[in-house]
$ cat protein-v6.pdb   # PDB, C-alpha atoms
MODEL        1
ATOM      1  CA  MET V 155      94.603  -9.281 -78.124  1.00  0.00           C
ATOM      2  CA  THR V 156      93.483 -11.133 -75.022  1.00  0.00           C
ATOM      3  CA  VAL V 157      90.199 -11.442 -73.155  1.00  0.00           C
ATOM      4  CA  ASN V 158      90.558 -13.419 -69.950  1.00  0.00           C
ATOM      5  CA  PHE V 159      87.780 -14.700 -67.677  1.00  0.00           C
ATOM      6  CA  VAL V 160      87.534 -11.531 -65.568  1.00  0.00           C
ATOM      7  CA  GLU V 161      87.697  -9.232 -68.609  1.00  0.00           C
ATOM      8  CA  ARG V 162      84.991 -11.260 -70.335  1.00  0.00           C
ATOM      9  CA  ALA V 163      82.673 -10.760 -67.352  1.00  0.00           C
ATOM     10  CA  PHE V 164      82.977  -6.983 -67.827  1.00  0.00           C
ATOM     11  CA  ASN V 165      82.978  -7.078 -71.664  1.00  0.00           C
ATOM     12  CA  VAL V 166      86.492  -5.622 -71.862  1.00  0.00           C
ATOM     13  CA  GLY V 167      89.845  -6.853 -73.150  1.00  0.00           C
ATOM     14  CA  THR V 168      93.529  -6.033 -73.607  1.00  0.00           C
ATOM     15  CA  ILE V 169      95.158  -5.149 -76.917  1.00  0.00           C
ATOM     16  CA  LYS V 170      98.951  -5.531 -77.146  1.00  0.00           C
ATOM     17  CA  PHE V 171     101.112  -3.647 -79.656  1.00  0.00           C
ATOM     18  CA  PHE V 172     104.694  -4.403 -80.646  1.00  0.00           C
ATOM     19  CA  SER V 173     106.464  -1.220 -81.741  1.00  0.00           C
ATOM     20  CA  GLY V 174     109.925  -2.716 -82.127  1.00  0.00           C
ATOM     21  CA  ARG V 175     111.181  -2.189 -78.579  1.00  0.00           C
ATOM     22  CA  THR V 176     113.212  -4.994 -77.050  1.00  0.00           C
ATOM     23  CA  LYS V 177     115.091  -5.700 -73.829  1.00  0.00           C
ATOM     24  CA  THR V 178     118.213  -7.836 -73.585  1.00  0.00           C
ATOM     25  CA  ASP V 179     119.167  -9.620 -70.347  1.00  0.00           C
ATOM     26  CA  GLU V 180     122.137 -11.958 -70.213  1.00  0.00           C
ATOM     27  CA  GLY V 181     122.017 -12.583 -73.956  1.00  0.00           C
ATOM     28  CA  THR V 182     118.254 -13.187 -74.110  1.00  0.00           C
ATOM     29  CA  THR V 183     116.209 -10.677 -76.103  1.00  0.00           C
ATOM     30  CA  THR V 184     112.593 -10.101 -75.113  1.00  0.00           C
ATOM     31  CA  LYS V 185     109.986  -8.108 -77.034  1.00  0.00           C
ATOM     32  CA  LEU V 186     108.377  -5.260 -75.074  1.00  0.00           C
ATOM     33  CA  TYR V 187     104.694  -4.676 -75.781  1.00  0.00           C
ATOM     34  CA  ASP V 188     102.579  -1.590 -75.229  1.00  0.00           C
ATOM     35  CA  ARG V 189      99.113  -2.413 -73.894  1.00  0.00           C
ATOM     36  CA  TRP V 190      95.655  -0.929 -73.970  1.00  0.00           C
ATOM     37  CA  GLU V 191      93.911  -2.517 -71.009  1.00  0.00           C
ATOM     38  CA  ALA V 192      90.209  -2.689 -70.065  1.00  0.00           C
ATOM     39  CA  ILE V 193      89.073  -1.685 -73.559  1.00  0.00           C
ATOM     40  CA  SER V 194      85.300  -1.847 -74.093  1.00  0.00           C
ATOM     41  CA  ASN V 195      84.279  -3.945 -77.117  1.00  0.00           C
ATOM     42  CA  PRO V 196      87.857  -5.146 -77.668  1.00  0.00           C
ATOM     43  CA  TYR V 197      87.105  -7.191 -80.804  1.00  0.00           C
ATOM     44  CA  GLU V 198      85.640  -4.184 -82.607  1.00  0.00           C
ATOM     45  CA  ILE V 199      88.493  -1.881 -81.518  1.00  0.00           C
ATOM     46  CA  PHE V 200      91.089  -4.471 -82.554  1.00  0.00           C
ATOM     47  CA  LYS V 201      89.445  -4.767 -85.970  1.00  0.00           C
ATOM     48  CA  LYS V 202      89.576  -0.970 -86.435  1.00  0.00           C
ATOM     49  CA  VAL V 203      93.223  -0.779 -85.312  1.00  0.00           C
ATOM     50  CA  LYS V 204      94.172  -3.516 -87.788  1.00  0.00           C
ATOM     51  CA  GLN V 205      92.360  -1.661 -90.607  1.00  0.00           C
ATOM     52  CA  VAL V 206      94.209   1.577 -89.807  1.00  0.00           C
ATOM     53  CA  SER V 207      97.469  -0.383 -89.833  1.00  0.00           C
ATOM     54  CA  VAL V 208      96.708  -1.753 -93.320  1.00  0.00           C
ATOM     55  CA  ASP V 209      95.734   1.715 -94.528  1.00  0.00           C
ATOM     56  CA  ILE V 210      98.975   3.241 -93.252  1.00  0.00           C
ATOM     57  CA  LYS V 211     101.081   0.505 -94.854  1.00  0.00           C
ATOM     58  CA  THR V 212      99.196   0.998 -98.111  1.00  0.00           C
ATOM     59  CA  ASP V 213      99.707   4.752 -97.930  1.00  0.00           C
ATOM     60  CA  PHE V 214     103.438   4.195 -97.414  1.00  0.00           C
ATOM     61  CA  ASN V 215     103.721   1.757-100.341  1.00  0.00           C
ATOM     62  CA  TYR V 216     101.413   3.685-102.674  1.00  0.00           C
ATOM     63  CA  PRO V 217     101.860   7.430-102.122  1.00  0.00           C
ATOM     64  CA  ASN V 218      99.154   9.802-103.351  1.00  0.00           C
ATOM     65  CA  ALA V 219     100.865  10.325-106.709  1.00  0.00           C
ATOM     66  CA  LEU V 220     100.795   6.580-107.418  1.00  0.00           C
ATOM     67  CA  ARG V 221      97.454   5.681-105.841  1.00  0.00           C
ATOM     68  CA  PRO V 222      94.667   4.746-108.258  1.00  0.00           C
ATOM     69  CA  ASP V 223      91.633   7.062-108.356  1.00  0.00           C
ATOM     70  CA  VAL V 224      89.309   4.217-107.387  1.00  0.00           C
ATOM     71  CA  ASN V 225      90.372   1.568-104.902  1.00  0.00           C
ATOM     72  CA  PRO V 226      87.552   0.242-102.728  1.00  0.00           C
ATOM     73  CA  GLY V 227      89.919  -2.031-100.770  1.00  0.00           C
ATOM     74  CA  TYR V 228      91.564   0.719 -98.757  1.00  0.00           C
ATOM     75  CA  LYS V 229      90.340   3.704 -96.828  1.00  0.00           C
ATOM     76  CA  THR V 230      92.962   6.389 -96.380  1.00  0.00           C
ATOM     77  CA  LYS V 231      90.726   9.311 -95.411  1.00  0.00           C
ATOM     78  CA  TYR V 232      89.288   9.319 -91.903  1.00  0.00           C
ATOM     79  CA  ASP V 233      86.316  11.032 -90.386  1.00  0.00           C
ATOM     80  CA  ARG V 234      86.499  11.428 -86.605  1.00  0.00           C
ATOM     81  CA  GLY V 235      82.789  10.624 -86.431  1.00  0.00           C
ATOM     82  CA  GLU V 236      83.355   6.999 -87.447  1.00  0.00           C
TER      83      GLU V 236
ENDMDL
END
$ encode --input "protein-v6.pdb" --output "structure tokens"
Amino acid sequence: MTVNFVERAFNVGTIKFFSGRTKTDEGTTTKLYDRWEAISNPYEIFKKVKQVSVDIKTDFNYPNALRPDVNPGYKTKYDRGE
């Protein structure tokens, strides 16, 4: 995540995501990032994106059949109103 001088003036920022894409030129491999630019309240959005990422990884590692009934550390059900 970045918030440069101009973005800060408008209370926006850029969030970069690495999804595994790369580009190779003359033997040099470069990571390709997807970007969300001019995002309002970027710190809050970044925090939410990171939490969803943790929840998805947890869901993958602990499928429903193995998940404990009570686990306050992870939220795997989402309400669009949040």
$ atom_distance --input "protein-v6.pdb" --atom1 "CA of Ser207 in chain V" --atom2 "CA of Ile169 in chain V"
14.0 Å
$ atom_distance --input "protein-v6.pdb" --atom1 "CA of Phe200 in chain V" --atom2 "CA of Met155 in chain V"
7.4 Å
$ resolve_selection --input "protein-v6.pdb" --expression "the PyMOL selection byres ((chain V and resi 193-196) around 8)" --output "list in words"
Met155, Asn165, Val166, Gly167, Thr168, Ile169, Trp190, Glu191, Ala192, Tyr197, Glu198, Ile199 and Phe200 of chain V
$ axis_aligned_box --input "protein-v6.pdb" --around "range 201-219 of chain V" --padding-each-side "4 Å" --output "JSON"
{"center_x": 96.6, "center_y": 2.8, "center_z": -96.0, "size_x": 22.3, "size_y": 23.1, "size_z": 29.4}
$ resolve_selection --input "protein-v6.pdb" --expression "the PyMOL selection byres ((chain V and resi 175) around 10)" --output "ChimeraX atom specification"
/V:172-174,176-177,184-188
$ atom_distance --input "protein-v6.pdb" --atom1 "CA of Val206 in chain V" --atom2 "CA of Ala163 in chain V"
28.1 Å
$ build_atoms --input "protein-v6.pdb" --residues "range 169-191 of chain V" --atoms "N, CA, C and O atoms" --output "PDB file, keeping the file's coordinate frame"
ATOM      1  N   ILE V 169      94.541  -5.112 -75.597  1.00  0.00           N
ATOM      2  CA  ILE V 169      95.158  -5.149 -76.917  1.00  0.00           C
ATOM      3  C   ILE V 169      96.633  -4.826 -76.734  1.00  0.00           C
ATOM      4  O   ILE V 169      96.987  -3.817 -76.123  1.00  0.00           O
ATOM      5  N   LYS V 170      97.503  -5.724 -77.255  1.00  0.00           N
ATOM      6  CA  LYS V 170      98.951  -5.531 -77.146  1.00  0.00           C
ATOM      7  C   LYS V 170      99.500  -5.086 -78.496  1.00  0.00           C
ATOM      8  O   LYS V 170      99.072  -5.568 -79.533  1.00  0.00           O
ATOM      9  N   PHE V 171     100.470  -4.160 -78.454  1.00  0.00           N
ATOM     10  CA  PHE V 171     101.112  -3.647 -79.656  1.00  0.00           C
ATOM     11  C   PHE V 171     102.618  -3.843 -79.539  1.00  0.00           C
ATOM     12  O   PHE V 171     103.205  -3.551 -78.499  1.00  0.00           O
ATOM     13  N   PHE V 172     103.235  -4.313 -80.610  1.00  0.00           N
ATOM     14  CA  PHE V 172     104.694  -4.403 -80.646  1.00  0.00           C
ATOM     15  C   PHE V 172     105.201  -3.290 -81.553  1.00  0.00           C
ATOM     16  O   PHE V 172     104.895  -3.260 -82.746  1.00  0.00           O
ATOM     17  N   SER V 173     105.961  -2.367 -80.980  1.00  0.00           N
ATOM     18  CA  SER V 173     106.464  -1.220 -81.741  1.00  0.00           C
ATOM     19  C   SER V 173     107.949  -1.338 -82.045  1.00  0.00           C
ATOM     20  O   SER V 173     108.563  -0.380 -82.491  1.00  0.00           O
ATOM     21  N   GLY V 174     108.518  -2.502 -81.808  1.00  0.00           N
ATOM     22  CA  GLY V 174     109.925  -2.716 -82.127  1.00  0.00           C
ATOM     23  C   GLY V 174     110.856  -2.625 -80.931  1.00  0.00           C
ATOM     24  O   GLY V 174     112.061  -2.854 -81.065  1.00  0.00           O
ATOM     25  N   ARG V 175     110.328  -2.286 -79.767  1.00  0.00           N
ATOM     26  CA  ARG V 175     111.181  -2.189 -78.579  1.00  0.00           C
ATOM     27  C   ARG V 175     111.520  -3.579 -78.061  1.00  0.00           C
ATOM     28  O   ARG V 175     110.689  -4.472 -78.056  1.00  0.00           O
ATOM     29  N   THR V 176     112.766  -3.724 -77.628  1.00  0.00           N
ATOM     30  CA  THR V 176     113.212  -4.994 -77.050  1.00  0.00           C
ATOM     31  C   THR V 176     114.058  -4.721 -75.822  1.00  0.00           C
ATOM     32  O   THR V 176     114.536  -3.606 -75.603  1.00  0.00           O
ATOM     33  N   LYS V 177     114.250  -5.772 -75.026  1.00  0.00           N
ATOM     34  CA  LYS V 177     115.091  -5.700 -73.829  1.00  0.00           C
ATOM     35  C   LYS V 177     115.989  -6.931 -73.859  1.00  0.00           C
ATOM     36  O   LYS V 177     115.536  -8.042 -74.145  1.00  0.00           O
ATOM     37  N   THR V 178     117.270  -6.721 -73.584  1.00  0.00           N
ATOM     38  CA  THR V 178     118.213  -7.836 -73.585  1.00  0.00           C
ATOM     39  C   THR V 178     118.768  -8.026 -72.187  1.00  0.00           C
ATOM     40  O   THR V 178     119.310  -7.098 -71.587  1.00  0.00           O
ATOM     41  N   ASP V 179     118.621  -9.243 -71.647  1.00  0.00           N
ATOM     42  CA  ASP V 179     119.167  -9.620 -70.347  1.00  0.00           C
ATOM     43  C   ASP V 179     119.990 -10.884 -70.523  1.00  0.00           C
ATOM     44  O   ASP V 179     119.456 -11.914 -70.972  1.00  0.00           O
ATOM     45  N   GLU V 180     121.243 -10.796 -70.184  1.00  0.00           N
ATOM     46  CA  GLU V 180     122.137 -11.958 -70.213  1.00  0.00           C
ATOM     47  C   GLU V 180     122.049 -12.716 -71.533  1.00  0.00           C
ATOM     48  O   GLU V 180     121.960 -13.934 -71.577  1.00  0.00           O
ATOM     49  N   GLY V 181     122.028 -11.961 -72.651  1.00  0.00           N
ATOM     50  CA  GLY V 181     122.017 -12.583 -73.956  1.00  0.00           C
ATOM     51  C   GLY V 181     120.652 -12.985 -74.474  1.00  0.00           C
ATOM     52  O   GLY V 181     120.527 -13.441 -75.611  1.00  0.00           O
ATOM     53  N   THR V 182     119.609 -12.838 -73.683  1.00  0.00           N
ATOM     54  CA  THR V 182     118.254 -13.187 -74.110  1.00  0.00           C
ATOM     55  C   THR V 182     117.495 -11.911 -74.448  1.00  0.00           C
ATOM     56  O   THR V 182     117.408 -10.998 -73.631  1.00  0.00           O
ATOM     57  N   THR V 183     116.960 -11.847 -75.663  1.00  0.00           N
ATOM     58  CA  THR V 183     116.209 -10.677 -76.103  1.00  0.00           C
ATOM     59  C   THR V 183     114.718 -10.945 -75.961  1.00  0.00           C
ATOM     60  O   THR V 183     114.217 -11.983 -76.392  1.00  0.00           O
ATOM     61  N   THR V 184     114.031  -9.998 -75.342  1.00  0.00           N
ATOM     62  CA  THR V 184     112.593 -10.101 -75.113  1.00  0.00           C
ATOM     63  C   THR V 184     111.897  -8.922 -75.770  1.00  0.00           C
ATOM     64  O   THR V 184     112.358  -7.784 -75.659  1.00  0.00           O
ATOM     65  N   LYS V 185     110.779  -9.185 -76.458  1.00  0.00           N
ATOM     66  CA  LYS V 185     109.986  -8.108 -77.034  1.00  0.00           C
ATOM     67  C   LYS V 185     109.218  -7.388 -75.929  1.00  0.00           C
ATOM     68  O   LYS V 185     108.703  -8.016 -75.015  1.00  0.00           O
ATOM     69  N   LEU V 186     109.143  -6.062 -76.023  1.00  0.00           N
ATOM     70  CA  LEU V 186     108.377  -5.260 -75.074  1.00  0.00           C
ATOM     71  C   LEU V 186     107.116  -4.768 -75.772  1.00  0.00           C
ATOM     72  O   LEU V 186     107.180  -4.179 -76.845  1.00  0.00           O
ATOM     73  N   TYR V 187     105.978  -5.042 -75.190  1.00  0.00           N
ATOM     74  CA  TYR V 187     104.694  -4.676 -75.781  1.00  0.00           C
ATOM     75  C   TYR V 187     104.075  -3.499 -75.041  1.00  0.00           C
ATOM     76  O   TYR V 187     104.159  -3.394 -73.829  1.00  0.00           O
ATOM     77  N   ASP V 188     103.426  -2.618 -75.809  1.00  0.00           N
ATOM     78  CA  ASP V 188     102.579  -1.590 -75.229  1.00  0.00           C
ATOM     79  C   ASP V 188     101.194  -2.217 -75.119  1.00  0.00           C
ATOM     80  O   ASP V 188     100.810  -3.056 -75.929  1.00  0.00           O
ATOM     81  N   ARG V 189     100.424  -1.801 -74.116  1.00  0.00           N
ATOM     82  CA  ARG V 189      99.113  -2.413 -73.894  1.00  0.00           C
ATOM     83  C   ARG V 189      98.029  -1.362 -73.700  1.00  0.00           C
ATOM     84  O   ARG V 189      98.251  -0.352 -73.035  1.00  0.00           O
ATOM     85  N   TRP V 190      96.884  -1.645 -74.293  1.00  0.00           N
ATOM     86  CA  TRP V 190      95.655  -0.929 -73.970  1.00  0.00           C
ATOM     87  C   TRP V 190      94.850  -1.909 -73.145  1.00  0.00           C
ATOM     88  O   TRP V 190      94.449  -2.960 -73.634  1.00  0.00           O
ATOM     89  N   GLU V 191      94.600  -1.593 -71.908  1.00  0.00           N
ATOM     90  CA  GLU V 191      93.911  -2.517 -71.009  1.00  0.00           C
ATOM     91  C   GLU V 191      92.500  -2.029 -70.706  1.00  0.00           C
ATOM     92  O   GLU V 191      92.233  -0.828 -70.724  1.00  0.00           O
TER      93      GLU V 191
END
